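Peer 1: This is the content of run.pdb (PDB, C-alpha atoms):
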ATOM      1  CA  MET A   1      14.560  -7.600 -22.127
ATOM      2  CA  SER A   2      12.825  -7.341 -18.824
ATOM      3  CA  THR A   3      11.663  -4.279 -17.007
ATOM      4  CA  LYS A   4      13.793  -2.287 -14.597
ATOM      5  CA  LEU A   5      12.152  -0.738 -11.572
ATOM      6  CA  SER A   6      13.488   2.615 -12.738
ATOM      7  CA  THR A   7      11.612   2.146 -16.016
ATOM      8  CA  ILE A   8       8.384   1.886 -14.039
ATOM      9  CA  PHE A   9       9.115   5.087 -12.099
ATOM     10  CA  ASN A  10      10.274   6.931 -15.206
ATOM     11  CA  SER A  11       7.118   5.896 -17.011
ATOM     12  CA  LEU A  12       4.944   7.270 -14.196
ATOM     13  CA  ARG A  13       7.000  10.444 -14.132
ATOM     14  CA  SER A  14       6.616  11.032 -17.849
ATOM     15  CA  GLN A  15       2.974   9.975 -18.148
ATOM     16  CA  GLN A  16       1.021   9.939 -14.876
ATOM     17  CA  LEU A  17       2.568  13.014 -13.229
ATOM     18  CA  PRO A  18       1.810  15.181 -16.289
ATOM     19  CA  ALA A  19      -1.671  13.621 -16.307
ATOM     20  CA  LEU A  20      -2.095  14.642 -12.676
ATOM     21  CA  VAL A  21      -0.932  18.181 -13.437
ATOM     22  CA  GLY A  22      -3.409  18.315 -16.328
ATOM     23  CA  LEU A  23      -6.254  17.186 -14.076
ATOM     24  CA  LEU A  24      -5.319  19.837 -11.520
ATOM     25  CA  GLU A  25      -5.171  22.530 -14.193
ATOM     26  CA  HIS A  26      -8.669  21.555 -15.268
ATOM     27  CA  GLY A  27      -9.756  21.615 -11.627
ATOM     28  CA  GLY A  28      -8.306  25.087 -11.095
ATOM     29  CA  ARG A  29      -9.953  26.482 -14.231
ATOM     30  CA  PHE A  30     -13.268  24.914 -13.260
ATOM     31  CA  ALA A  31     -13.112  26.423  -9.761
ATOM     32  CA  GLU A  32     -12.397  29.849 -11.241
ATOM     33  CA  GLU A  33     -15.144  29.632 -13.861
ATOM     34  CA  GLU A  34     -17.723  28.370 -11.392
ATOM     35  CA  GLY A  35     -16.729  30.818  -8.683
ATOM     36  CA  ILE A  36     -15.848  28.022  -6.256
ATOM     37  CA  LYS A  37     -12.915  28.518  -3.905
ATOM     38  CA  ASP A  38     -10.046  26.081  -4.516
ATOM     39  CA  GLU A  39     -10.070  25.196  -0.816
ATOM     40  CA  GLU A  40     -13.688  24.163  -1.076
ATOM     41  CA  LEU A  41     -13.182  21.950  -4.120
ATOM     42  CA  LEU A  42     -10.068  20.432  -2.556
ATOM     43  CA  GLU A  43     -12.095  19.390   0.492
ATOM     44  CA  LEU A  44     -14.490  17.192  -1.519
ATOM     45  CA  ARG A  45     -14.696  13.519  -0.601
ATOM     46  CA  LEU A  46     -16.270  10.509  -2.319
ATOM     47  CA  THR A  47     -17.759   9.541   1.045
ATOM     48  CA  ASP A  48     -17.672  11.295   4.419
ATOM     49  CA  ASP A  49     -15.194   8.766   5.754
ATOM     50  CA  MET A  50     -12.742   8.991   2.871
ATOM     51  CA  HIS A  51      -9.944  11.521   2.562
ATOM     52  CA  PRO A  52     -10.523  14.767   0.658
ATOM     53  CA  LEU A  53      -9.299  15.585  -2.846
ATOM     54  CA  ARG A  54      -6.350  17.594  -1.507
ATOM     55  CA  TRP A  55      -5.100  14.567   0.424
ATOM     56  CA  GLN A  56      -5.622  12.221  -2.528
ATOM     57  CA  VAL A  57      -3.399  14.363  -4.750
ATOM     58  CA  GLN A  58      -0.775  14.897  -2.088
ATOM     59  CA  THR A  59      -0.682  11.159  -1.472
ATOM     60  CA  VAL A  60      -0.012  10.424  -5.147
ATOM     61  CA  LEU A  61       2.984  12.749  -4.916
ATOM     62  CA  GLU A  62       4.172  11.495  -1.558
ATOM     63  CA  LEU A  63       3.894   7.880  -2.693
ATOM     64  CA  ILE A  64       5.999   8.225  -5.805
ATOM     65  CA  LEU A  65       8.638  10.293  -4.043
ATOM     66  CA  ARG A  66       8.957   8.192  -0.912
ATOM     67  CA  SER A  67       8.734   4.900  -2.801
ATOM     68  CA  ALA A  68      11.470   5.920  -5.221
ATOM     69  CA  ALA A  69      13.577   7.090  -2.284
ATOM     70  CA  ARG A  70      13.004   3.865  -0.402
ATOM     71  CA  VAL A  71      13.953   1.496  -3.196
ATOM     72  CA  SER A  72      16.990   3.568  -4.158
ATOM     73  CA  GLU A  73      17.995   3.761  -0.477
ATOM     74  CA  ALA A  74      17.957   7.539  -0.318
ATOM     75  CA  GLU A  75      16.812   9.321   2.815
ATOM     76  CA  LEU A  76      13.009   9.223   3.002
ATOM     77  CA  PRO A  77      11.729  12.736   2.377
ATOM     78  CA  SER A  78       9.163  14.086   4.774
ATOM     79  CA  LEU A  79       6.735  16.220   2.797
ATOM     80  CA  GLU A  80       4.926  19.142   4.358
ATOM     81  CA  LEU A  81       1.736  18.906   2.398
ATOM     82  CA  THR A  82       0.154  22.221   3.189
ATOM     83  CA  GLU A  83      -1.013  23.348  -0.255
ATOM     84  CA  ALA A  84      -4.457  24.875  -0.346
ATOM     85  CA  SER A  85      -4.809  25.790  -4.029
ATOM     86  CA  PHE A  86      -4.583  23.992  -7.350
ATOM     87  CA  ASP A  87      -1.707  26.224  -8.423
ATOM     88  CA  ASP A  88       0.299  25.377  -5.324
ATOM     89  CA  ILE A  89      -0.260  21.651  -5.745
ATOM     90  CA  ILE A  90       0.822  21.908  -9.378
ATOM     91  CA  VAL A  91       4.054  23.564  -8.218
ATOM     92  CA  ARG A  92       4.505  20.711  -5.756
ATOM     93  CA  ALA A  93       3.864  18.094  -8.444
ATOM     94  CA  LYS A  94       6.533  19.612 -10.680
ATOM     95  CA  ALA A  95       8.968  19.794  -7.762
ATOM     96  CA  VAL A  96       8.364  16.123  -6.970
ATOM     97  CA  SER A  97       9.031  15.233 -10.589
ATOM     98  CA  GLU A  98      12.359  17.063 -10.429
ATOM     99  CA  THR A  99      13.335  15.590  -7.074
ATOM    100  CA  LEU A 100      13.045  12.119  -8.586
ATOM    101  CA  ASP A 101      16.159  13.044 -10.597
ATOM    102  CA  ASP A 102      18.157  13.131  -7.383
ATOM    103  CA  TYR A 103      17.724   9.447  -6.689
ATOM    104  CA  ASP A 104      20.153   6.785  -7.767
ATOM    105  CA  PHE A 105      18.067   4.775 -10.195
ATOM    106  CA  ASN A 106      20.928   2.332 -10.845
ATOM    107  CA  ARG A 107      20.882   1.507  -7.172
ATOM    108  CA  MET A 108      17.104   1.190  -7.320
ATOM    109  CA  ASP A 109      17.419  -1.333 -10.155
ATOM    110  CA  ALA A 110      20.046  -3.294  -8.231
ATOM    111  CA  ASN A 111      17.647  -3.451  -5.268
ATOM    112  CA  ALA A 112      14.862  -5.380  -7.008
ATOM    113  CA  ASP A 113      15.717  -8.479  -4.940
ATOM    114  CA  LYS A 114      16.657  -6.705  -1.752
ATOM    115  CA  GLU A 115      14.206  -7.007   1.135
ATOM    116  CA  PHE A 116      12.660  -3.876   2.567
ATOM    117  CA  GLU A 117      10.587  -3.435   5.704
ATOM    118  CA  ILE A 118       7.569  -1.341   4.835
ATOM    119  CA  PRO A 119       5.613   0.236   7.700
ATOM    120  CA  ILE A 120       1.908  -0.237   7.002
ATOM    121  CA  GLY A 121       0.500   1.347  10.111
ATOM    122  CA  PRO A 122       1.680   2.368  13.555
ATOM    123  CA  ASP A 123       2.633  -1.171  14.606
ATOM    124  CA  ALA A 124       2.728  -3.308  11.485
ATOM    125  CA  LYS A 125       5.479  -3.926   8.972
ATOM    126  CA  LEU A 126       5.550  -5.804   5.714
ATOM    127  CA  THR A 127       8.750  -7.350   4.382
ATOM    128  CA  LEU A 128       8.863  -7.178   0.607
ATOM    129  CA  THR A 129      11.557  -7.269  -2.047
ATOM    130  CA  GLY A 130      12.049  -4.067  -3.985
ATOM    131  CA  GLN A 131      10.199  -5.575  -6.915
ATOM    132  CA  ASP A 132       7.247  -6.761  -4.834
ATOM    133  CA  TYR A 133       7.106  -3.465  -3.017
ATOM    134  CA  VAL A 134       6.758  -1.649  -6.340
ATOM    135  CA  LEU A 135       4.309  -4.095  -7.939
ATOM    136  CA  LYS A 136       2.194  -5.081  -4.950
ATOM    137  CA  PHE A 137       2.221  -2.036  -2.711
ATOM    138  CA  PHE A 138       3.332   1.107  -4.506
ATOM    139  CA  LEU A 139       1.546   0.756  -7.866
ATOM    140  CA  PRO A 140      -1.907  -0.226  -6.533
ATOM    141  CA  ASN A 141      -1.745   2.675  -4.071
ATOM    142  CA  PHE A 142      -0.425   5.175  -6.590
ATOM    143  CA  TYR A 143      -3.166   4.414  -9.099
ATOM    144  CA  PHE A 144      -5.805   4.268  -6.385
ATOM    145  CA  HIS A 145      -5.192   7.863  -5.364
ATOM    146  CA  LEU A 146      -4.733   9.070  -8.938
ATOM    147  CA  THR A 147      -8.047   7.512 -10.000
ATOM    148  CA  THR A 148      -9.789   8.830  -6.889
ATOM    149  CA  THR A 149      -8.520  12.303  -7.772
ATOM    150  CA  TYR A 150     -10.018  11.877 -11.242
ATOM    151  CA  ALA A 151     -13.312  10.564  -9.848
ATOM    152  CA  LEU A 152     -13.697  13.488  -7.438
ATOM    153  CA  LEU A 153     -13.058  16.105 -10.118
ATOM    154  CA  ARG A 154     -15.243  14.321 -12.642
ATOM    155  CA  GLN A 155     -18.082  13.927 -10.180
ATOM    156  CA  GLN A 156     -17.943  17.638  -9.488
ATOM    157  CA  GLY A 157     -18.437  18.404 -13.155
ATOM    158  CA  VAL A 158     -14.853  19.253 -14.150
ATOM    159  CA  PRO A 159     -14.704  18.655 -17.925
ATOM    160  CA  ILE A 160     -12.193  15.796 -18.020
ATOM    161  CA  GLY A 161     -12.272  12.366 -19.606
ATOM    162  CA  LYS A 162     -10.234   9.217 -19.860
ATOM    163  CA  LEU A 163      -7.666  10.896 -22.135
ATOM    164  CA  GLN A 164      -6.828  13.361 -19.365
ATOM    165  CA  TYR A 165      -6.508  10.509 -16.880
ATOM    166  CA  MET A 166      -4.219   8.554 -19.194
ATOM    167  CA  GLY A 167      -1.852  11.430 -19.850
ATOM    168  CA  PRO A 168       0.800  11.378 -22.589
ATOM    169  CA  VAL A 169       1.060   7.673 -23.447
ATOM    170  CA  VAL A 170       3.716   8.370 -26.085
TER     171      VAL A 170
ATOM    172  CA  MET B   1      17.077  -9.052 -11.410
ATOM    173  CA  SER B   2      14.577  -7.131 -13.424
ATOM    174  CA  THR B   3      10.880  -7.684 -13.785
ATOM    175  CA  LYS B   4       9.308  -9.953 -16.371
ATOM    176  CA  LEU B   5       5.995  -8.953 -17.892
ATOM    177  CA  SER B   6       4.611 -12.280 -16.702
ATOM    178  CA  THR B   7       5.540 -11.316 -13.146
ATOM    179  CA  ILE B   8       3.328  -8.255 -13.470
ATOM    180  CA  PHE B   9       0.377 -10.315 -14.743
ATOM    181  CA  ASN B  10       0.918 -13.032 -12.144
ATOM    182  CA  SER B  11       1.012 -10.430  -9.407
ATOM    183  CA  LEU B  12      -2.311  -8.959 -10.554
ATOM    184  CA  ARG B  13      -3.791 -12.423 -10.790
ATOM    185  CA  SER B  14      -2.761 -13.353  -7.270
ATOM    186  CA  GLN B  15      -3.545 -10.014  -5.632
ATOM    187  CA  GLN B  16      -5.892  -7.759  -7.587
ATOM    188  CA  LEU B  17      -8.232 -10.424  -9.001
ATOM    189  CA  PRO B  18      -8.870 -11.863  -5.520
ATOM    190  CA  ALA B  19      -9.311  -8.271  -4.298
ATOM    191  CA  LEU B  20     -11.914  -7.738  -7.011
ATOM    192  CA  VAL B  21     -13.718 -10.949  -6.053
ATOM    193  CA  GLY B  22     -13.696  -9.806  -2.420
ATOM    194  CA  LEU B  23     -15.193  -6.442  -3.356
ATOM    195  CA  LEU B  24     -17.900  -8.183  -5.368
ATOM    196  CA  GLU B  25     -18.681 -10.557  -2.497
ATOM    197  CA  HIS B  26     -19.105  -7.552  -0.226
ATOM    198  CA  GLY B  27     -21.307  -5.929  -2.868
ATOM    199  CA  GLY B  28     -23.484  -9.013  -3.162
ATOM    200  CA  ARG B  29     -23.931  -9.333   0.602
ATOM    201  CA  PHE B  30     -24.738  -5.640   0.876
ATOM    202  CA  ALA B  31     -27.373  -5.866  -1.859
ATOM    203  CA  GLU B  32     -28.957  -8.833  -0.119
ATOM    204  CA  GLU B  33     -28.931  -7.229   3.327
ATOM    205  CA  GLU B  34     -30.300  -3.930   2.056
ATOM    206  CA  GLY B  35     -32.897  -5.548  -0.157
ATOM    207  CA  ILE B  36     -31.439  -3.953  -3.291
ATOM    208  CA  LYS B  37     -31.479  -5.929  -6.522
ATOM    209  CA  ASP B  38     -28.009  -6.789  -7.857
ATOM    210  CA  GLU B  39     -29.015  -5.376 -11.237
ATOM    211  CA  GLU B  40     -29.812  -2.057  -9.644
ATOM    212  CA  LEU B  41     -26.532  -1.791  -7.749
ATOM    213  CA  LEU B  42     -24.618  -2.876 -10.846
ATOM    214  CA  GLU B  43     -26.138   0.006 -12.808
ATOM    215  CA  LEU B  44     -24.709   2.699 -10.519
ATOM    216  CA  ARG B  45     -22.424   5.301 -12.069
ATOM    217  CA  LEU B  46     -20.098   7.920 -10.580
ATOM    218  CA  THR B  47     -21.580  10.409 -13.031
ATOM    219  CA  ASP B  48     -24.392  10.084 -15.574
ATOM    220  CA  ASP B  49     -21.904  10.038 -18.426
ATOM    221  CA  MET B  50     -19.620   7.378 -16.973
ATOM    222  CA  HIS B  51     -20.082   3.631 -17.386
ATOM    223  CA  PRO B  52     -21.969   1.662 -14.722
ATOM    224  CA  LEU B  53     -20.440  -0.575 -12.064
ATOM    225  CA  ARG B  54     -21.169  -3.725 -14.072
ATOM    226  CA  TRP B  55     -19.155  -2.385 -16.995
ATOM    227  CA  GLN B  56     -16.289  -1.247 -14.756
ATOM    228  CA  VAL B  57     -15.874  -4.758 -13.340
ATOM    229  CA  GLN B  58     -16.232  -6.460 -16.700
ATOM    230  CA  THR B  59     -13.637  -4.110 -18.136
ATOM    231  CA  VAL B  60     -11.107  -5.024 -15.432
ATOM    232  CA  LEU B  61     -11.548  -8.657 -16.432
ATOM    233  CA  GLU B  62     -11.547  -8.015 -20.159
ATOM    234  CA  LEU B  63      -8.429  -5.868 -19.883
ATOM    235  CA  ILE B  64      -6.292  -8.398 -18.058
ATOM    236  CA  LEU B  65      -7.410 -11.256 -20.280
ATOM    237  CA  ARG B  66      -7.060  -9.498 -23.608
ATOM    238  CA  SER B  67      -3.824  -7.764 -22.641
ATOM    239  CA  ALA B  68      -2.219 -11.021 -21.540
ATOM    240  CA  ALA B  69      -3.438 -12.660 -24.764
ATOM    241  CA  ARG B  70      -2.094  -9.825 -26.872
ATOM    242  CA  VAL B  71       1.406  -9.733 -25.418
ATOM    243  CA  SER B  72       1.698 -13.530 -25.461
ATOM    244  CA  GLU B  73       0.378 -13.567 -29.059
ATOM    245  CA  ALA B  74      -2.583 -15.784 -28.291
ATOM    246  CA  GLU B  75      -5.877 -15.289 -30.082
ATOM    247  CA  LEU B  76      -7.684 -12.298 -28.563
ATOM    248  CA  PRO B  77     -10.675 -13.619 -26.658
ATOM    249  CA  SER B  78     -14.003 -11.937 -27.257
ATOM    250  CA  LEU B  79     -15.870 -11.847 -23.967
ATOM    251  CA  GLU B  80     -19.643 -11.910 -23.822
ATOM    252  CA  LEU B  81     -20.097  -9.786 -20.772
ATOM    253  CA  THR B  82     -23.719 -10.414 -19.972
ATOM    254  CA  GLU B  83     -23.581 -11.001 -16.223
ATOM    255  CA  ALA B  84     -26.337  -9.334 -14.232
ATOM    256  CA  SER B  85     -25.544 -10.479 -10.683
ATOM    257  CA  PHE B  86     -22.587 -10.314  -8.333
ATOM    258  CA  ASP B  87     -22.430 -14.110  -8.177
ATOM    259  CA  ASP B  88     -22.236 -14.405 -11.946
ATOM    260  CA  ILE B  89     -19.491 -11.803 -12.207
ATOM    261  CA  ILE B  90     -17.531 -13.617  -9.499
ATOM    262  CA  VAL B  91     -17.785 -16.810 -11.550
ATOM    263  CA  ARG B  92     -16.510 -14.858 -14.552
ATOM    264  CA  ALA B  93     -13.611 -13.387 -12.531
ATOM    265  CA  LYS B  94     -12.506 -16.851 -11.457
ATOM    266  CA  ALA B  95     -12.802 -18.137 -15.016
ATOM    267  CA  VAL B  96     -10.644 -15.272 -16.283
ATOM    268  CA  SER B  97      -8.033 -16.082 -13.658
ATOM    269  CA  GLU B  98      -7.934 -19.679 -14.873
ATOM    270  CA  THR B  99      -7.858 -18.734 -18.541
ATOM    271  CA  LEU B 100      -4.670 -16.770 -17.903
ATOM    272  CA  ASP B 101      -3.010 -20.167 -17.354
ATOM    273  CA  ASP B 102      -3.572 -20.982 -21.011
ATOM    274  CA  TYR B 103      -1.290 -18.245 -22.263
ATOM    275  CA  ASP B 104       2.360 -18.729 -23.029
ATOM    276  CA  PHE B 105       3.996 -16.481 -20.467
ATOM    277  CA  ASN B 106       7.493 -17.320 -21.752
ATOM    278  CA  ARG B 107       6.451 -15.932 -25.089
ATOM    279  CA  MET B 108       4.976 -12.900 -23.334
ATOM    280  CA  ASP B 109       8.297 -12.257 -21.625
ATOM    281  CA  ALA B 110      10.170 -12.627 -24.905
ATOM    282  CA  ASN B 111       7.837 -10.020 -26.429
ATOM    283  CA  ALA B 112       8.766  -7.139 -24.124
ATOM    284  CA  ASP B 113      10.604  -5.421 -26.995
ATOM    285  CA  LYS B 114       8.264  -6.491 -29.767
ATOM    286  CA  GLU B 115       6.063  -3.764 -31.235
ATOM    287  CA  PHE B 116       2.311  -4.158 -31.065
ATOM    288  CA  GLU B 117      -0.409  -2.140 -32.741
ATOM    289  CA  ILE B 118      -3.032  -1.319 -30.157
ATOM    290  CA  PRO B 119      -6.431  -0.130 -31.379
ATOM    291  CA  ILE B 120      -7.512   2.819 -29.223
ATOM    292  CA  GLY B 121     -10.764   3.635 -30.934
ATOM    293  CA  PRO B 122     -12.545   2.898 -34.178
ATOM    294  CA  ASP B 123      -9.878   4.586 -36.334
ATOM    295  CA  ALA B 124      -6.790   5.083 -34.190
ATOM    296  CA  LYS B 125      -3.896   2.788 -33.382
ATOM    297  CA  LEU B 126      -0.989   3.134 -31.046
ATOM    298  CA  THR B 127       2.295   1.339 -31.681
ATOM    299  CA  LEU B 128       3.888   0.275 -28.423
ATOM    300  CA  THR B 129       6.423  -2.331 -27.353
ATOM    301  CA  GLY B 130       5.098  -5.101 -25.163
ATOM    302  CA  GLN B 131       6.667  -3.444 -22.144
ATOM    303  CA  ASP B 132       5.245  -0.001 -22.907
ATOM    304  CA  TYR B 133       1.867  -1.489 -23.651
ATOM    305  CA  VAL B 134       1.812  -3.087 -20.211
ATOM    306  CA  LEU B 135       3.218  -0.118 -18.296
ATOM    307  CA  LYS B 136       1.633   2.776 -20.153
ATOM    308  CA  PHE B 137      -1.673   1.418 -21.395
ATOM    309  CA  PHE B 138      -2.733  -1.744 -19.619
ATOM    310  CA  LEU B 139      -1.808  -0.950 -16.002
ATOM    311  CA  PRO B 140      -3.289   2.574 -15.839
ATOM    312  CA  ASN B 141      -6.502   1.262 -17.377
ATOM    313  CA  PHE B 142      -6.662  -1.849 -15.205
ATOM    314  CA  TYR B 143      -6.250   0.126 -11.984
ATOM    315  CA  PHE B 144      -8.614   2.838 -13.194
ATOM    316  CA  HIS B 145     -11.509   0.424 -13.519
ATOM    317  CA  LEU B 146     -10.616  -1.486 -10.345
ATOM    318  CA  THR B 147     -10.513   1.735  -8.309
ATOM    319  CA  THR B 148     -13.725   2.977  -9.909
ATOM    320  CA  THR B 149     -15.371  -0.303  -8.914
ATOM    321  CA  TYR B 150     -14.211   0.292  -5.349
ATOM    322  CA  ALA B 151     -15.384   3.922  -5.381
ATOM    323  CA  LEU B 152     -18.866   2.982  -6.623
ATOM    324  CA  LEU B 153     -19.356   0.293  -3.979
ATOM    325  CA  ARG B 154     -17.906   2.449  -1.227
ATOM    326  CA  GLN B 155     -20.035   5.412  -2.172
ATOM    327  CA  GLN B 156     -23.104   3.225  -1.981
ATOM    328  CA  GLY B 157     -22.267   2.266   1.591
ATOM    329  CA  VAL B 158     -20.794  -1.194   1.034
ATOM    330  CA  PRO B 159     -18.568  -1.813   4.083
ATOM    331  CA  ILE B 160     -15.175  -2.009   2.387
ATOM    332  CA  GLY B 161     -11.895  -0.235   3.016
ATOM    333  CA  LYS B 162      -8.433   0.080   1.582
ATOM    334  CA  LEU B 163      -7.476  -3.400   2.786
ATOM    335  CA  GLN B 164     -10.184  -4.901   0.589
ATOM    336  CA  TYR B 165      -8.992  -2.845  -2.354
ATOM    337  CA  MET B 166      -5.391  -3.927  -1.823
ATOM    338  CA  GLY B 167      -6.154  -7.632  -1.631
ATOM    339  CA  PRO B 168      -3.641 -10.255  -0.494
ATOM    340  CA  VAL B 169      -0.307  -8.394  -0.725
ATOM    341  CA  VAL B 170       1.594 -11.432   0.548
TER     342      VAL B 170
END
I'd like the structure from this file rewritten - as structure tokens, please.
Peer 2:
Amino acid sequence: MSTKLSTIFNSLRSQQLPALVGLLEHGGRFAEEEGIKDEELLELRLTDDMHPLRWQVQTVLELILRSAARVSEAELPSLELTEASFDDIIVRAKAVSETLDDYDFNRMDANADKEFEIPIGPDAKLTLTGQDYVLKFFLPNFYFHLTTTYALLRQQGVPIGKLQYMGPVV
Amino acid sequence: MSTKLSTIFNSLRSQQLPALVGLLEHGGRFAEEEGIKDEELLELRLTDDMHPLRWQVQTVLELILRSAARVSEAELPSLELTEASFDDIIVRAKAVSETLDDYDFNRMDANADKEFEIPIGPDAKLTLTGQDYVLKFFLPNFYFHLTTTYALLRQQGVPIGKLQYMGPVV
């Protein structure tokens, strides 16, 4: 047996999206207990010239949704990422998880060899097969922003550990 | 076409291991330019109760090597991770990349459905198929420690960006 692209997305949906929701729940509780406004915590950055926590989380969600849409040749959703509280981002995360159901995962799997043009900036494009897009572009980015989310919360003192990052492995 | 497990490992070897080496080269140059000892930079942590940079890098290397060995049913290598300089860790990274050649990737691919017992602590084991082990345990951990490596260097002021994290996509 070899691995279908849909298996990769389904695995992230059942493990990493719940992990993300768990991290955000911890973040929200921490903000409440410490008397910090959500907005303030969500503006934290690892360095001044990196994006804030809010953007890191939203990018995890945008990446999985738009990548799944792209490889299954659905219309690319344009997300209005305006959430300013942990609760609102959790609602968004659950909505993204449900929206993934709308995509044609059989078509996604049939597109592993198909070439896609991926915009990687205002003027640049990358041509990658569906498989390479998932392995070489989507996954490194997805995990980058998920781990950065974890690092920001952890560095702030939110009581989370590797188990919360890993999510429900089985 | 669907994705072989060996394709996932080969993709990490050709993209993320060179990315890691690039990050370490930047780290080494930065240490030299700033007059910081490698040992000092390699002891940095995101929080007091997280592992230091040195350990994060070594764990990326240990994970890919031991995971590839496990799924291809080779003897699990026991790494002596004693490096104390960027140059030495780069040597180790290149050696790990070469060692991956020794494993039987056909056997790895045939083991996607085989069940493996994965120790996840002194007393606990997780039973996962080869595929689930790679998708649900190895990849999240691999990218966690790679991204944490990036975050530590970036936070210290090492001049790296997302391109350096991504490595050679094509």
Peer 1: Can you spell out as a list in words the set of residues that the PyMOL selection byres ((chain B and resi 105-120) around 7) selects in the structure I just provided?
Peer 2: Met1 and Ser2 of chain A; Lys4, Leu5, Ser6, Val71, Ser72, Tyr103, Asp104, Gly121, Ala124, Lys125, Leu126, Thr127, Leu128, Thr129, Gly130 and Gln131 of chain B
Peer 1: Check every residue of chain B for an atom within 10 Å of chain A, counting only C-alpha atoms, and provide those that qualify as a PDB file with C-alpha atoms, in the frame of the given file.
Peer 2:
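Result file result14.pdb:
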ATOM      1  CA  MET B   1      17.077  -9.052 -11.410  1.00  0.00           C
ATOM      2  CA  SER B   2      14.577  -7.131 -13.424  1.00  0.00           C
ATOM      3  CA  THR B   3      10.880  -7.684 -13.785  1.00  0.00           C
ATOM      4  CA  LYS B   4       9.308  -9.953 -16.371  1.00  0.00           C
ATOM      5  CA  LEU B   5       5.995  -8.953 -17.892  1.00  0.00           C
ATOM      6  CA  SER B   6       4.611 -12.280 -16.702  1.00  0.00           C
ATOM      7  CA  THR B   7       5.540 -11.316 -13.146  1.00  0.00           C
ATOM      8  CA  ILE B   8       3.328  -8.255 -13.470  1.00  0.00           C
ATOM      9  CA  SER B  11       1.012 -10.430  -9.407  1.00  0.00           C
ATOM     10  CA  LEU B  12      -2.311  -8.959 -10.554  1.00  0.00           C
ATOM     11  CA  SER B  14      -2.761 -13.353  -7.270  1.00  0.00           C
ATOM     12  CA  GLN B  15      -3.545 -10.014  -5.632  1.00  0.00           C
ATOM     13  CA  GLN B  16      -5.892  -7.759  -7.587  1.00  0.00           C
ATOM     14  CA  ARG B  45     -22.424   5.301 -12.069  1.00  0.00           C
ATOM     15  CA  LEU B  46     -20.098   7.920 -10.580  1.00  0.00           C
ATOM     16  CA  THR B  47     -21.580  10.409 -13.031  1.00  0.00           C
ATOM     17  CA  ASP B  48     -24.392  10.084 -15.574  1.00  0.00           C
ATOM     18  CA  ASP B  49     -21.904  10.038 -18.426  1.00  0.00           C
ATOM     19  CA  MET B  50     -19.620   7.378 -16.973  1.00  0.00           C
ATOM     20  CA  ASP B 109       8.297 -12.257 -21.625  1.00  0.00           C
ATOM     21  CA  ALA B 110      10.170 -12.627 -24.905  1.00  0.00           C
ATOM     22  CA  ASN B 111       7.837 -10.020 -26.429  1.00  0.00           C
ATOM     23  CA  ALA B 112       8.766  -7.139 -24.124  1.00  0.00           C
ATOM     24  CA  ASP B 113      10.604  -5.421 -26.995  1.00  0.00           C
ATOM     25  CA  LYS B 114       8.264  -6.491 -29.767  1.00  0.00           C
ATOM     26  CA  LEU B 126      -0.989   3.134 -31.046  1.00  0.00           C
ATOM     27  CA  THR B 127       2.295   1.339 -31.681  1.00  0.00           C
ATOM     28  CA  LEU B 128       3.888   0.275 -28.423  1.00  0.00           C
ATOM     29  CA  GLN B 131       6.667  -3.444 -22.144  1.00  0.00           C
ATOM     30  CA  ASP B 132       5.245  -0.001 -22.907  1.00  0.00           C
ATOM     31  CA  TYR B 133       1.867  -1.489 -23.651  1.00  0.00           C
ATOM     32  CA  LEU B 135       3.218  -0.118 -18.296  1.00  0.00           C
ATOM     33  CA  LYS B 136       1.633   2.776 -20.153  1.00  0.00           C
ATOM     34  CA  PHE B 137      -1.673   1.418 -21.395  1.00  0.00           C
ATOM     35  CA  LEU B 139      -1.808  -0.950 -16.002  1.00  0.00           C
ATOM     36  CA  PRO B 140      -3.289   2.574 -15.839  1.00  0.00           C
ATOM     37  CA  ASN B 141      -6.502   1.262 -17.377  1.00  0.00           C
ATOM     38  CA  PHE B 142      -6.662  -1.849 -15.205  1.00  0.00           C
ATOM     39  CA  TYR B 143      -6.250   0.126 -11.984  1.00  0.00           C
ATOM     40  CA  PHE B 144      -8.614   2.838 -13.194  1.00  0.00           C
ATOM     41  CA  HIS B 145     -11.509   0.424 -13.519  1.00  0.00           C
ATOM     42  CA  LEU B 146     -10.616  -1.486 -10.345  1.00  0.00           C
ATOM     43  CA  THR B 147     -10.513   1.735  -8.309  1.00  0.00           C
ATOM     44  CA  THR B 148     -13.725   2.977  -9.909  1.00  0.00           C
ATOM     45  CA  TYR B 150     -14.211   0.292  -5.349  1.00  0.00           C
ATOM     46  CA  ALA B 151     -15.384   3.922  -5.381  1.00  0.00           C
ATOM     47  CA  LEU B 152     -18.866   2.982  -6.623  1.00  0.00           C
ATOM     48  CA  ARG B 154     -17.906   2.449  -1.227  1.00  0.00           C
ATOM     49  CA  GLN B 155     -20.035   5.412  -2.172  1.00  0.00           C
ATOM     50  CA  GLN B 156     -23.104   3.225  -1.981  1.00  0.00           C
ATOM     51  CA  GLY B 157     -22.267   2.266   1.591  1.00  0.00           C
ATOM     52  CA  GLY B 161     -11.895  -0.235   3.016  1.00  0.00           C
ATOM     53  CA  LYS B 162      -8.433   0.080   1.582  1.00  0.00           C
ATOM     54  CA  TYR B 165      -8.992  -2.845  -2.354  1.00  0.00           C
ATOM     55  CA  MET B 166      -5.391  -3.927  -1.823  1.00  0.00           C
ATOM     56  CA  GLY B 167      -6.154  -7.632  -1.631  1.00  0.00           C
ATOM     57  CA  PRO B 168      -3.641 -10.255  -0.494  1.00  0.00           C
ATOM     58  CA  VAL B 169      -0.307  -8.394  -0.725  1.00  0.00           C
ATOM     59  CA  VAL B 170       1.594 -11.432   0.548  1.00  0.00           C
TER      60      VAL B 170
END
Peer 1: Kindly give the distance, in Å, that separates atom CA of A:Lys37 and atom CA of A:Pro52, rounded to a single decimal.
Peer 2: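 Atom-to-atom, atom CA of A:Lys37 and atom CA of A:Pro52 are spaced 14.7 Å apart.
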